[in-house]
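Asker: One structure, as structure tokens, below. Some questions next.
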2 protein chains.
Amino acid sequence: MKRYLLAPGPTTIPPEVLLKMAEPILHHRNPLFEEVVAEVRENLKYLFGTKNEVLIFASSGTGAMEGAITNMLSPGDKAICVRSGKFGERWGNICKAYGVEAINIELPWGDDLDPGLVEKTIKANPGVKGVYMQATETSTGVMFPVKQVADIVKNYPDILMVVDGITGVGVFPLPMDEWKIDILVSGSQKALMLPPGLAMAGVSDKAWGFNKTAKCPRFYFNWAKELANLEKNQTNFTPAISLISGLRESLRIIKAEGLENVYKRIEKLAYATREGAKALGLKIFAKTPSPAVTAIYAPEGIDGQAIYKTLWKKYGVTGAGGQDQLKGKAFRIATLGYADEYDVITAIAALEFTLRDLGYKFEMGKGVARAVACLAEK
Amino acid sequence: MKRYLLAPGPTTIPPEVLLKMAEPILHHRNPLFEEVVAEVRENLKYLFGTKNEVLIFASSGTGAMEGAITNMLSPGDKAICVRSGKFGERWGNICKAYGVEAINIELPWGDDLDPGLVEKTIKANPGVKGVYMQATETSTGVMFPVKQVADIVKNYPDILMVVDGITGVGVFPLPMDEWKIDILVSGSQKALMLPPGLAMAGVSDKAWGFNKTAKCPRFYFNWAKELANLEKNQTNFTPAISLISGLRESLRIIKAEGLENVYKRIEKLAYATREGAKALGLKIFAKTPSPAVTAIYAPEGIDGQAIYKTLWKKYGVTGAGGQDQLKGKAFRIATLGYADEYDVITAIAALEFTLRDLGYKFEMGKGVARAVACLAEK
């Protein structure tokens with residue numbers, strides 16, 4: 001079956017990236033590979049909007065999330081974690097594993113975050129060392145107000161602003177230096193159009209200051225050692241060579257399109273997806289939806305998992321189901337990375353076929369028509 | 001330039017494995033990928049010689065080494081670490097990072113390990129929880145007596161036998177269950193003929209018992225959670241999908257050749273490499289050399305780094321230099337993974353060209369002649 005991948009990670013990998021990774025492997029302690037790393041370093045700075053180095057790890061994104069705690073904090077420290085979905089819960093779970101006290105800002109899944117609530121929580125908890133949040137909560141499709149929160153945190157020299165941008169970097173603006181984000185984490189399998197297996201973390205000067213006194217144990221994810229190696233175009237341990245070679249290609253693709261154009265493209269694709277779904281009478285889950293991924297309520301009486309599975313099995317479109325408390329209630333279609341206008345039309349068409357099969361009543365073609373009209377807007 | 005990769009990792013990747021990884025990526029929460037994992041699980045059990053599950057991590061081998069400490073021990077515990085090269089030192093360094101007391105058995109680089117010394121050290125240090133060692137110390141090319149040490153450790157119900165088999169699994173026999181190895185760690189970029197980025201760990205029932213009380217902090221490398229997911233053909237966090245798809249291919253290749261034949265092939269290639277070098281008047285560094293990688297002394301008055309660099313730059317053969325205290329004194333040629341007879345002849349020929357350029361006096365062709373003769377032996 002011809003398949004279309006519109007999941008919030010992994011995303012479709014461009015053929016030129018796949019073929020680059022299929023070339024004979026380079027040895028990592030070798031000038032040919034060091035050239036690759038040198039170029040990747042520069043282009044990651046462009047992508048993350050920082051003059052500082054962006055560290056690269058052989059791990060999935062969670063490895064860099066763990067490092068953003070263990071390299072910055074000590075057991076007994078307090079950290080504010082915004083919890084409003086599966087990935088927000090991860091920050092708190094990592095804190096717990098390392099003896100850091102998580103002060104959770106709990107929001108109902110799908111809700112907005114009021115930045116004022118972050119300031120209130122900071123004031124109510126003297127000694128807090130960091131605010132840990134998501135750019136997009138991938139499980140709900142909510143985009144959180146990173147800039148507004150960063151505007152608050154930057155006034156506290158003893159508090160770090162840490163953002164899980166795994167589903168954010170390369171999707172919408174998150175300029176680290178300009179917005180004063182201290183740590184920005186990302187992963188390879190989203191906007192970077194690569195297989196999973198690489199994590200990245202941009203680290204501000206303020207964060208490197210925290211690193212000097214952080215006492216949580218770490219070895220594989222030791223950021224100071226990683227930085228020292230990266231400055232020599234090396235990594236502390238054997239890097240995921242083929243993925244880094246692919247990363248060079250995908251960063252070239254992003255740079256050639258231009259980040260601003262990437263952001264505009266993805267925003268428009270997400271807009272057309274939401275509108276196409278709404279034209280079918282469906283409701284969007286997130287109050288402030290992320291352009292990365294759209295979580296859509298299953299219509300009354302129809303199982304969200306059945307929609308996801310039919311889309312995949314019968315109609316060749318791999319989206320995502322609902323996770324945890326959204327399981328069965330919603331399904332997700334992603335528009336980040338290599339996605340284009342035809343992918344959105346394909347997804348909405350497949351959704352129409354699927355809903356018809358599952359007995360939902362609507363006017364066939366209405367979703368696709370609305371999506372095309374949105375894509376035609378200037 | 002046409003290049004030949006004979007480094008002790010990464011090793012050459014078979015074209016069919018490269019092309020498998022270049023196929024459109026699968027989604028990991030999906031039956032198509034679960035089929036891949038199911039097959040990989042079975043074949044990893046064959047490779048590791050165990051009925052237990054072999055865990056798979058998105059990391060380099062060091063990540064699994066770290067997990068072999070943090071998932072088994074608690075801060076304040078004592079562990080015996082055999083140190084006789086760069087990678088042996090890593091066990092002790094990980095212990096230190098997590099507050100575990102490393103009792104180091106220090107050996108001069110290149111020397112054999114007397115298994116009796118392990119038993120003596122166990123008796124002199126009541127309460128020791130584990131013996132951590134290498135199968136091959138990659139930096140020196142020494143093969144350590146894993147079976148003999150395991151024969152001792154198995155008599156101590158409170159001590160784990162932990163082996164870094166990153167340069168051992170798939171190179172020579174290390175049957176976990178038969179030899180009573182409690183943890184056997186490996187990585188993708190060696191005998192498994194894949195890019196780096198996957199680590200594996202076989203875990204015995206005895207080790208799972210230790211896991212129940214181990215208090216070192218861990219999150220990304222949480223083995224119990226990984227096991228629970230693996231049993232459902234899943235991983236705890238997003239897996240390195242493309243590498244796991246490649247792993248299915250490379251395990252099929254290994255199974256088709258048959259493990260016993262793989263071991264014989266590599267043993268013979270290493271023998272021919274050692275003999276070819278000796279025929280040129282060179283000396284082998286290791287007293288008990290591993291078939292995985294041969295560390296060869298540079299001749300008097302010639303810089304080992306110059307040999308490694310000339311081999312690579314002028315003659316297209318990527319071996320490895322000496323590391324740390326061997327830097328400049330030795331160079332290394334590996335024979336694991338996809339290597340065949342012609343690779344050895346190529347390597348020895350390139351070595352002859354290189355030594356001639358660097359002013360070493362010898363009879364041209366003598367190394368290659370000896371290597372061919374060795375390969376022709378039954």
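Please note that chains go A, B, ... in the order of the structure tokens, that every chain numbers its residues from 1, and that ligands are numbered from 1 in the order shown.
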Tell me the residues of chain B close to chain A, meaning within 8 Å using only C-alpha atoms, as a VMD selection string.
Answerer: chain B and resid 5 7 9 to 10 12 to 13 18 to 19 21 to 27 58 to 60 62 to 63 66 94 97 to 98 195 to 197 217 to 220 237 to 242 318
Asker: May I have all residues of region 169-266 of chain B that DSSP, computed from the backbone, assigns to helix (DSSP H, G or I), given as a PyMOL selection string?
Answerer: chain B and resi 176-179+205-211+223-230+241-257+259-266
Asker: Quick check, in Å to one decimal: how far apart do CA of Lys264 (chain A) and CA of Arg370 (chain A) lie?
Answerer: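 Taking CA of Lys264 (chain A) as the start and CA of Arg370 (chain A) as the end point, the length is 18.9 Å.
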Asker: May I have chain B as a compact mmCIF listing (two decimals) with C-alpha atoms, in the first residue's frame, after a least-squares superposition on chain A that uses all C-alpha atoms paired in order?
Answerer:
# COMPACT_ATOMS: atom_id res chain seq x y z
CA MET B 1 0.02 -0.03 -0.02
CA LYS B 2 1.17 3.50 -0.82
CA ARG B 3 1.61 5.18 2.55
CA TYR B 4 1.52 8.79 3.73
CA LEU B 5 3.15 9.60 7.06
CA LEU B 6 1.46 12.51 8.86
CA ALA B 7 2.29 11.58 12.44
CA PRO B 8 3.82 14.01 14.95
CA GLY B 9 7.10 12.05 14.77
CA PRO B 10 8.58 10.31 13.03
CA THR B 11 7.77 12.50 10.06
CA THR B 12 8.44 11.80 6.40
CA ILE B 13 12.14 11.80 5.53
CA PRO B 14 13.06 13.48 2.23
CA PRO B 15 14.56 11.00 -0.27
CA GLU B 16 17.80 12.97 -0.53
CA VAL B 17 18.24 12.67 3.24
CA LEU B 18 17.54 8.93 3.16
CA LEU B 19 20.08 8.47 0.38
CA LYS B 20 22.70 10.55 2.16
CA MET B 21 22.38 8.26 5.17
CA ALA B 22 22.70 5.23 2.87
CA GLU B 23 26.19 6.26 1.76
CA PRO B 24 29.14 4.30 3.15
CA ILE B 25 29.59 5.38 6.75
CA LEU B 26 32.31 7.81 7.77
CA HIS B 27 34.56 7.20 10.74
CA HIS B 28 33.85 9.70 13.48
CA ARG B 29 37.46 10.38 14.54
CA ASN B 30 38.28 11.66 11.12
CA PRO B 31 38.47 15.04 9.31
CA LEU B 32 35.73 14.04 6.85
CA PHE B 33 33.24 13.64 9.69
CA GLU B 34 34.54 16.68 11.54
CA GLU B 35 33.64 18.75 8.47
CA VAL B 36 30.10 17.45 8.75
CA VAL B 37 29.92 18.35 12.44
CA ALA B 38 31.34 21.82 11.80
CA GLU B 39 28.59 22.58 9.29
CA VAL B 40 25.89 21.06 11.50
CA ARG B 41 27.04 23.20 14.46
CA GLU B 42 26.65 26.40 12.46
CA ASN B 43 23.26 25.50 11.05
CA LEU B 44 21.91 24.33 14.41
CA LYS B 45 22.78 27.76 15.81
CA TYR B 46 20.69 29.27 13.01
CA LEU B 47 17.81 26.87 13.69
CA PHE B 48 17.85 27.47 17.46
CA GLY B 49 18.43 31.21 17.16
CA THR B 50 21.50 31.23 19.36
CA LYS B 51 25.16 32.17 19.25
CA ASN B 52 25.89 29.32 21.70
CA GLU B 53 26.62 25.73 20.83
CA VAL B 54 23.74 23.29 20.40
CA LEU B 55 24.72 19.94 21.90
CA ILE B 56 24.01 16.74 19.99
CA PHE B 57 23.27 13.41 21.68
CA ALA B 58 22.80 9.85 20.44
CA SER B 59 19.43 9.35 22.13
CA SER B 60 15.80 10.19 21.68
CA GLY B 61 14.56 13.60 22.80
CA THR B 62 13.88 12.36 26.33
CA GLY B 63 17.61 11.94 26.85
CA ALA B 64 18.11 15.66 26.35
CA MET B 65 15.14 16.39 28.65
CA GLU B 66 16.81 14.28 31.35
CA GLY B 67 20.06 16.15 30.82
CA ALA B 68 18.27 19.50 31.12
CA ILE B 69 17.49 18.50 34.70
CA THR B 70 20.59 16.53 35.76
CA ASN B 71 23.09 19.04 34.34
CA MET B 72 21.38 22.04 35.91
CA LEU B 73 19.94 20.99 39.28
CA SER B 74 20.87 19.18 42.46
CA PRO B 75 18.86 16.73 44.53
CA GLY B 76 16.51 18.68 46.78
CA ASP B 77 16.19 21.57 44.31
CA LYS B 78 12.73 22.73 43.29
CA ALA B 79 11.53 23.06 39.70
CA ILE B 80 8.22 24.24 38.29
CA CYS B 81 6.85 21.82 35.69
CA VAL B 82 3.88 22.67 33.48
CA ARG B 83 1.76 19.53 33.20
CA SER B 84 -0.96 19.42 30.67
CA GLY B 85 -0.45 16.22 28.75
CA LYS B 86 1.71 13.14 28.42
CA PHE B 87 4.94 15.03 27.72
CA GLY B 88 4.45 17.65 30.41
CA GLU B 89 4.20 14.81 32.89
CA ARG B 90 7.64 13.67 31.76
CA TRP B 91 9.37 16.73 33.24
CA GLY B 92 7.92 15.91 36.64
CA ASN B 93 8.79 12.23 36.31
CA ILE B 94 12.42 13.01 35.51
CA CYS B 95 12.60 15.37 38.51
CA LYS B 96 11.25 12.62 40.72
CA ALA B 97 13.79 10.10 39.46
CA TYR B 98 16.64 12.45 40.41
CA GLY B 99 15.36 13.71 43.74
CA VAL B 100 14.33 17.12 42.46
CA GLU B 101 11.08 18.46 43.86
CA ALA B 102 8.63 19.12 41.04
CA ILE B 103 6.12 21.88 41.66
CA ASN B 104 3.53 21.06 39.08
CA ILE B 105 1.29 23.55 37.37
CA GLU B 106 -1.53 21.22 36.48
CA LEU B 107 -3.80 22.23 33.62
CA PRO B 108 -6.69 20.32 32.15
CA TRP B 109 -5.48 18.71 28.91
CA GLY B 110 -6.14 21.03 25.99
CA ASP B 111 -6.27 24.23 28.06
CA ASP B 112 -4.14 27.33 27.64
CA LEU B 113 -1.43 28.25 30.08
CA ASP B 114 -1.87 31.64 31.73
CA PRO B 115 1.68 33.05 32.03
CA GLY B 116 0.57 34.90 35.16
CA LEU B 117 0.11 31.53 36.82
CA VAL B 118 3.82 30.83 36.30
CA GLU B 119 4.76 34.10 37.98
CA LYS B 120 2.39 33.35 40.87
CA THR B 121 3.92 29.92 41.29
CA ILE B 122 7.43 31.36 41.27
CA LYS B 123 6.49 33.84 43.99
CA ALA B 124 4.77 31.21 46.08
CA ASN B 125 7.83 28.95 45.97
CA PRO B 126 10.99 30.84 46.87
CA GLY B 127 14.16 29.09 45.78
CA VAL B 128 12.70 27.53 42.65
CA LYS B 129 15.55 26.85 40.19
CA GLY B 130 13.77 26.34 36.89
CA VAL B 131 10.59 26.48 34.87
CA TYR B 132 10.22 23.42 32.66
CA MET B 133 7.57 23.42 29.95
CA GLN B 134 6.69 22.28 26.43
CA ALA B 135 6.55 24.44 23.29
CA THR B 136 3.92 22.12 21.89
CA GLU B 137 2.34 19.46 24.05
CA THR B 138 2.38 16.77 21.35
CA SER B 139 -0.27 14.66 23.00
CA THR B 140 -2.90 17.41 22.91
CA GLY B 141 -1.74 19.69 20.09
CA VAL B 142 -1.61 22.71 22.41
CA MET B 143 0.92 25.46 21.76
CA PHE B 144 2.12 27.08 24.98
CA PRO B 145 3.06 30.77 25.34
CA VAL B 146 6.82 30.29 25.54
CA LYS B 147 7.69 33.92 24.85
CA GLN B 148 5.35 35.23 27.54
CA VAL B 149 6.67 32.80 30.13
CA ALA B 150 10.28 33.54 29.13
CA ASP B 151 9.52 37.26 29.54
CA ILE B 152 8.71 36.55 33.17
CA VAL B 153 11.50 34.08 33.94
CA LYS B 154 14.24 36.29 32.48
CA ASN B 155 13.75 38.68 35.38
CA TYR B 156 14.88 35.99 37.84
CA PRO B 157 18.64 35.43 37.65
CA ASP B 158 18.30 32.27 39.77
CA ILE B 159 15.63 30.59 37.65
CA LEU B 160 16.19 28.85 34.33
CA MET B 161 13.73 28.86 31.45
CA VAL B 162 13.73 25.36 29.96
CA VAL B 163 11.67 24.43 26.93
CA ASP B 164 10.98 21.04 25.42
CA GLY B 165 10.92 22.15 21.80
CA ILE B 166 10.94 18.62 20.42
CA THR B 167 7.72 19.49 18.62
CA GLY B 168 8.50 23.16 18.22
CA VAL B 169 12.01 23.85 16.95
CA GLY B 170 11.75 24.30 13.17
CA VAL B 171 7.95 24.48 13.41
CA PHE B 172 7.40 27.99 14.76
CA PRO B 173 9.73 30.70 16.11
CA LEU B 174 11.57 29.89 19.32
CA PRO B 175 14.62 32.16 19.05
CA MET B 176 16.61 31.21 22.12
CA ASP B 177 18.82 34.25 22.53
CA GLU B 178 16.17 36.83 21.66
CA TRP B 179 13.51 35.33 23.93
CA LYS B 180 15.96 34.36 26.71
CA ILE B 181 15.24 30.66 26.63
CA ASP B 182 18.01 29.04 28.68
CA ILE B 183 17.65 25.48 27.44
CA LEU B 184 15.86 24.46 24.26
CA VAL B 185 15.62 20.74 23.59
CA SER B 186 14.80 19.09 20.28
CA GLY B 187 14.78 15.72 18.56
CA SER B 188 15.59 14.51 15.07
CA GLN B 189 12.31 12.88 14.06
CA LYS B 190 10.08 15.96 13.88
CA ALA B 191 10.75 19.18 11.97
CA LEU B 192 14.26 17.94 11.18
CA MET B 193 12.83 15.20 8.95
CA LEU B 194 15.18 12.48 10.20
CA PRO B 195 14.78 9.11 11.85
CA PRO B 196 14.60 9.24 15.65
CA GLY B 197 17.89 8.74 17.48
CA LEU B 198 19.34 12.23 17.82
CA ALA B 199 18.54 14.74 20.53
CA MET B 200 19.75 18.33 20.66
CA ALA B 201 19.96 20.98 23.35
CA GLY B 202 20.78 24.66 23.02
CA VAL B 203 22.23 26.01 26.27
CA SER B 204 22.49 29.67 27.31
CA ASP B 205 25.36 31.24 29.23
CA LYS B 206 23.03 31.51 32.23
CA ALA B 207 22.42 27.77 32.05
CA TRP B 208 26.15 27.02 31.82
CA GLY B 209 26.47 28.99 35.05
CA PHE B 210 23.92 26.67 36.71
CA ASN B 211 25.84 23.69 35.38
CA LYS B 212 28.87 24.63 37.49
CA THR B 213 27.07 23.80 40.74
CA ALA B 214 24.58 21.14 39.63
CA LYS B 215 25.06 17.94 41.62
CA CYS B 216 22.60 15.47 40.08
CA PRO B 217 24.59 12.48 38.85
CA ARG B 218 25.16 12.07 35.12
CA PHE B 219 27.62 10.34 32.85
CA TYR B 220 26.26 9.54 29.39
CA PHE B 221 24.46 12.87 29.36
CA ASN B 222 27.30 14.99 30.74
CA TRP B 223 26.80 18.30 28.99
CA ALA B 224 30.04 20.03 29.99
CA LYS B 225 32.09 17.17 28.51
CA GLU B 226 29.87 17.18 25.42
CA LEU B 227 30.51 20.90 24.93
CA ALA B 228 34.28 20.50 25.25
CA ASN B 229 34.19 17.80 22.56
CA LEU B 230 31.79 19.65 20.28
CA GLU B 231 34.14 22.62 20.16
CA LYS B 232 36.61 20.23 18.51
CA ASN B 233 33.87 18.96 16.12
CA GLN B 234 33.66 15.75 18.15
CA THR B 235 31.28 14.12 20.60
CA ASN B 236 32.01 12.68 24.03
CA PHE B 237 30.96 9.16 23.01
CA THR B 238 30.54 7.51 19.61
CA PRO B 239 27.99 9.69 17.78
CA ALA B 240 25.06 8.47 15.69
CA ILE B 241 27.16 9.13 12.59
CA SER B 242 24.61 8.36 9.88
CA LEU B 243 21.94 10.49 11.55
CA ILE B 244 24.35 13.40 11.85
CA SER B 245 25.20 13.04 8.14
CA GLY B 246 21.45 13.13 7.49
CA LEU B 247 21.14 16.14 9.76
CA ARG B 248 23.58 18.05 7.59
CA GLU B 249 21.30 17.42 4.61
CA SER B 250 18.07 18.30 6.39
CA LEU B 251 19.54 21.50 7.82
CA ARG B 252 20.60 22.45 4.29
CA ILE B 253 17.03 21.88 3.10
CA ILE B 254 15.65 24.04 5.92
CA LYS B 255 18.19 26.78 5.28
CA ALA B 256 17.47 26.77 1.56
CA GLU B 257 13.74 27.24 2.20
CA GLY B 258 14.49 29.77 4.95
CA LEU B 259 13.18 29.40 8.49
CA GLU B 260 10.56 32.14 8.11
CA ASN B 261 9.15 30.38 5.05
CA VAL B 262 9.14 27.03 6.87
CA TYR B 263 7.12 28.59 9.71
CA LYS B 264 4.64 30.15 7.27
CA ARG B 265 4.22 26.92 5.34
CA ILE B 266 3.54 24.84 8.42
CA GLU B 267 1.19 27.43 9.91
CA LYS B 268 -0.83 27.40 6.69
CA LEU B 269 -0.95 23.61 6.50
CA ALA B 270 -2.19 23.41 10.08
CA TYR B 271 -4.79 26.10 9.43
CA ALA B 272 -6.11 24.18 6.40
CA THR B 273 -6.18 20.96 8.45
CA ARG B 274 -8.18 22.56 11.24
CA GLU B 275 -10.58 24.24 8.84
CA GLY B 276 -11.01 21.07 6.77
CA ALA B 277 -11.90 19.12 9.91
CA LYS B 278 -14.26 21.83 11.12
CA ALA B 279 -16.02 21.84 7.75
CA LEU B 280 -16.85 18.19 8.45
CA GLY B 281 -18.44 19.22 11.75
CA LEU B 282 -15.49 18.10 13.87
CA LYS B 283 -14.03 20.00 16.81
CA ILE B 284 -10.38 20.84 17.49
CA PHE B 285 -9.16 19.74 20.91
CA ALA B 286 -6.67 22.50 21.72
CA LYS B 287 -7.82 26.00 22.64
CA THR B 288 -4.53 27.37 21.26
CA PRO B 289 -3.56 24.85 18.63
CA SER B 290 0.04 24.25 17.60
CA PRO B 291 0.84 24.28 13.90
CA ALA B 292 2.84 21.10 14.45
CA VAL B 293 -0.03 18.74 15.15
CA THR B 294 -3.81 19.02 15.22
CA ALA B 295 -5.70 16.93 17.74
CA ILE B 296 -9.30 16.48 16.58
CA TYR B 297 -12.18 15.19 18.66
CA ALA B 298 -13.84 12.07 17.34
CA PRO B 299 -17.52 12.80 16.61
CA GLU B 300 -20.07 11.68 19.19
CA GLY B 301 -20.48 7.91 19.12
CA ILE B 302 -17.39 7.18 17.01
CA ASP B 303 -14.22 5.74 18.53
CA GLY B 304 -11.15 7.89 17.99
CA GLN B 305 -8.94 4.80 17.81
CA ALA B 306 -11.17 3.42 15.04
CA ILE B 307 -10.62 6.62 13.07
CA TYR B 308 -6.85 6.44 13.52
CA LYS B 309 -6.77 2.74 12.64
CA THR B 310 -9.01 3.02 9.59
CA LEU B 311 -7.00 5.95 8.32
CA TRP B 312 -3.88 3.84 8.57
CA LYS B 313 -5.09 0.40 7.62
CA LYS B 314 -7.56 1.13 4.87
CA TYR B 315 -6.58 4.54 3.57
CA GLY B 316 -2.78 4.60 3.90
CA VAL B 317 -2.55 7.70 6.08
CA THR B 318 -0.52 7.32 9.27
CA GLY B 319 -1.66 9.94 11.76
CA ALA B 320 -1.72 9.27 15.47
CA GLY B 321 -4.34 8.21 17.99
CA GLY B 322 -5.14 9.88 21.28
CA GLN B 323 -2.76 9.13 24.15
CA ASP B 324 -3.65 8.29 27.75
CA GLN B 325 -6.78 10.27 28.71
CA LEU B 326 -7.42 11.19 25.05
CA LYS B 327 -7.32 7.57 23.90
CA GLY B 328 -10.50 6.85 21.95
CA LYS B 329 -11.63 10.46 22.23
CA ALA B 330 -9.39 12.11 19.65
CA PHE B 331 -6.97 11.48 16.82
CA ARG B 332 -4.10 13.59 15.49
CA ILE B 333 -2.79 14.77 12.14
CA ALA B 334 0.61 16.42 11.98
CA THR B 335 1.78 19.06 9.53
CA LEU B 336 5.39 19.62 10.50
CA GLY B 337 8.60 18.72 8.72
CA TYR B 338 8.41 17.71 5.08
CA ALA B 339 4.59 18.06 4.85
CA ASP B 340 3.15 20.01 1.93
CA GLU B 341 -0.26 21.16 0.67
CA TYR B 342 -1.08 17.87 -1.02
CA ASP B 343 -0.43 16.01 2.21
CA VAL B 344 -3.12 18.04 3.93
CA ILE B 345 -5.60 17.43 1.12
CA THR B 346 -4.71 13.73 1.23
CA ALA B 347 -5.22 13.60 4.97
CA ILE B 348 -8.60 15.33 4.86
CA ALA B 349 -9.73 13.12 1.94
CA ALA B 350 -8.70 10.00 3.87
CA LEU B 351 -10.52 11.36 6.90
CA GLU B 352 -13.69 11.77 4.82
CA PHE B 353 -13.46 8.18 3.52
CA THR B 354 -12.85 6.96 7.07
CA LEU B 355 -15.73 8.87 8.67
CA ARG B 356 -18.11 7.64 5.95
CA ASP B 357 -17.05 4.03 6.67
CA LEU B 358 -17.60 4.53 10.38
CA GLY B 359 -21.15 5.77 9.82
CA TYR B 360 -20.72 9.48 10.44
CA LYS B 361 -23.19 11.65 8.51
CA PHE B 362 -21.77 14.57 6.54
CA GLU B 363 -21.56 15.97 3.04
CA MET B 364 -18.68 14.20 1.23
CA GLY B 365 -16.04 16.54 -0.18
CA LYS B 366 -16.81 19.44 2.09
CA GLY B 367 -13.64 19.03 4.15
CA VAL B 368 -11.36 18.81 1.15
CA ALA B 369 -13.07 21.77 -0.49
CA ARG B 370 -12.53 23.89 2.59
CA ALA B 371 -8.90 22.79 2.94
CA VAL B 372 -8.16 23.68 -0.68
CA ALA B 373 -9.81 27.06 -0.23
CA CYS B 374 -7.66 27.75 2.83
CA LEU B 375 -4.50 26.71 1.03
CA ALA B 376 -5.41 29.05 -1.83
CA GLU B 377 -5.59 32.06 0.53
CA LYS B 378 -2.70 34.50 0.39
Asker: Going by DSSP on the backbone, which bits of region 154-368 of chain B are strand (DSSP E or B)? Write them as a CSV table (one decimal) with N, CA and C atoms, in the first residue's frame, please.
Answerer:
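Final output, saved to result-v8.csv:
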chain,number,residue,atom,x,y,z
B,160,LEU,N,27.3,-9.8,40.7
B,160,LEU,CA,26.9,-9.9,39.3
B,160,LEU,C,28.1,-9.9,38.4
B,161,MET,N,28.0,-10.7,37.3
B,161,MET,CA,29.0,-10.7,36.3
B,161,MET,C,28.6,-9.9,35.1
B,162,VAL,N,29.3,-8.8,34.9
B,162,VAL,CA,28.8,-7.8,33.9
B,162,VAL,C,29.9,-7.6,32.9
B,163,VAL,N,29.6,-7.8,31.6
B,163,VAL,CA,30.6,-7.8,30.5
B,163,VAL,C,30.2,-6.7,29.5
B,164,ASP,N,31.2,-5.8,29.2
B,164,ASP,CA,31.1,-5.0,28.1
B,164,ASP,C,31.5,-5.8,26.9
B,183,ILE,N,25.0,-9.6,32.9
B,183,ILE,CA,24.7,-8.6,31.9
B,183,ILE,C,25.7,-8.6,30.8
B,184,LEU,N,25.3,-8.5,29.6
B,184,LEU,CA,26.1,-8.5,28.4
B,184,LEU,C,25.7,-7.3,27.6
B,185,VAL,N,26.6,-6.3,27.4
B,185,VAL,CA,26.3,-5.1,26.7
B,185,VAL,C,26.8,-5.2,25.3
B,186,SER,N,26.1,-4.6,24.4
B,186,SER,CA,26.7,-4.5,23.0
B,186,SER,C,26.3,-3.2,22.4
B,187,GLY,N,26.9,-2.9,21.2
B,187,GLY,CA,26.5,-1.7,20.4
B,187,GLY,C,26.3,-2.1,19.0
B,198,LEU,N,22.6,2.5,18.5
B,198,LEU,CA,21.9,1.5,19.2
B,198,LEU,C,22.8,0.8,20.2
B,199,ALA,N,22.3,0.7,21.4
B,199,ALA,CA,23.0,-0.2,22.4
B,199,ALA,C,22.0,-1.3,22.8
B,200,MET,N,22.6,-2.4,23.3
B,200,MET,CA,21.8,-3.5,23.7
B,200,MET,C,22.3,-4.1,25.0
B,201,ALA,N,21.5,-4.7,25.8
B,201,ALA,CA,21.9,-5.3,27.0
B,201,ALA,C,21.1,-6.6,27.3
B,202,GLY,N,21.8,-7.7,27.3
B,202,GLY,CA,21.1,-8.9,27.8
B,202,GLY,C,21.2,-8.9,29.3
B,203,VAL,N,20.1,-9.4,30.0
B,203,VAL,CA,20.0,-9.3,31.4
B,203,VAL,C,19.5,-10.7,32.0
B,284,ILE,N,52.9,-7.5,17.9
B,284,ILE,CA,51.5,-7.3,18.3
B,284,ILE,C,51.5,-6.8,19.7
B,289,PRO,N,45.6,-11.6,22.1
B,289,PRO,CA,44.9,-10.7,21.2
B,289,PRO,C,43.5,-11.2,20.9
B,293,VAL,N,40.1,-6.9,16.9
B,293,VAL,CA,40.9,-5.8,16.5
B,293,VAL,C,42.4,-6.1,16.9
B,294,THR,N,43.3,-5.8,16.0
B,294,THR,CA,44.7,-6.1,16.3
B,294,THR,C,45.5,-4.8,16.5
B,295,ALA,N,46.0,-4.6,17.7
B,295,ALA,CA,46.8,-3.4,17.9
B,295,ALA,C,48.3,-3.8,17.6
B,296,ILE,N,48.9,-3.0,16.8
B,296,ILE,CA,50.3,-3.4,16.3
B,296,ILE,C,51.2,-2.2,16.7
B,297,TYR,N,52.3,-2.6,17.3
B,297,TYR,CA,53.3,-1.6,17.7
B,297,TYR,C,53.9,-0.9,16.4
B,317,VAL,N,42.8,3.2,3.5
B,317,VAL,CA,42.4,2.2,4.5
B,317,VAL,C,42.2,2.9,5.9
B,318,THR,N,41.0,2.9,6.4
B,318,THR,CA,40.7,3.5,7.7
B,318,THR,C,40.8,2.5,8.8
B,320,ALA,N,42.6,2.5,12.9
B,320,ALA,CA,42.5,3.4,14.0
B,320,ALA,C,43.9,3.6,14.6
B,321,GLY,N,44.1,4.8,15.2
B,321,GLY,CA,45.4,5.1,15.9
B,321,GLY,C,45.4,4.4,17.2
B,330,ALA,N,51.3,2.8,18.7
B,330,ALA,CA,50.6,1.7,18.0
B,330,ALA,C,49.5,2.2,17.1
B,331,PHE,N,49.1,1.3,16.3
B,331,PHE,CA,47.9,1.6,15.4
B,331,PHE,C,47.1,0.3,15.4
B,332,ARG,N,45.8,0.4,14.9
B,332,ARG,CA,45.0,-0.8,15.0
B,332,ARG,C,44.2,-1.1,13.7
B,333,ILE,N,44.1,-2.4,13.4
B,333,ILE,CA,43.3,-2.8,12.3
B,333,ILE,C,42.3,-3.8,12.8
B,334,ALA,N,41.0,-3.6,12.4
B,334,ALA,CA,40.0,-4.4,12.9
B,334,ALA,C,39.5,-5.4,11.9
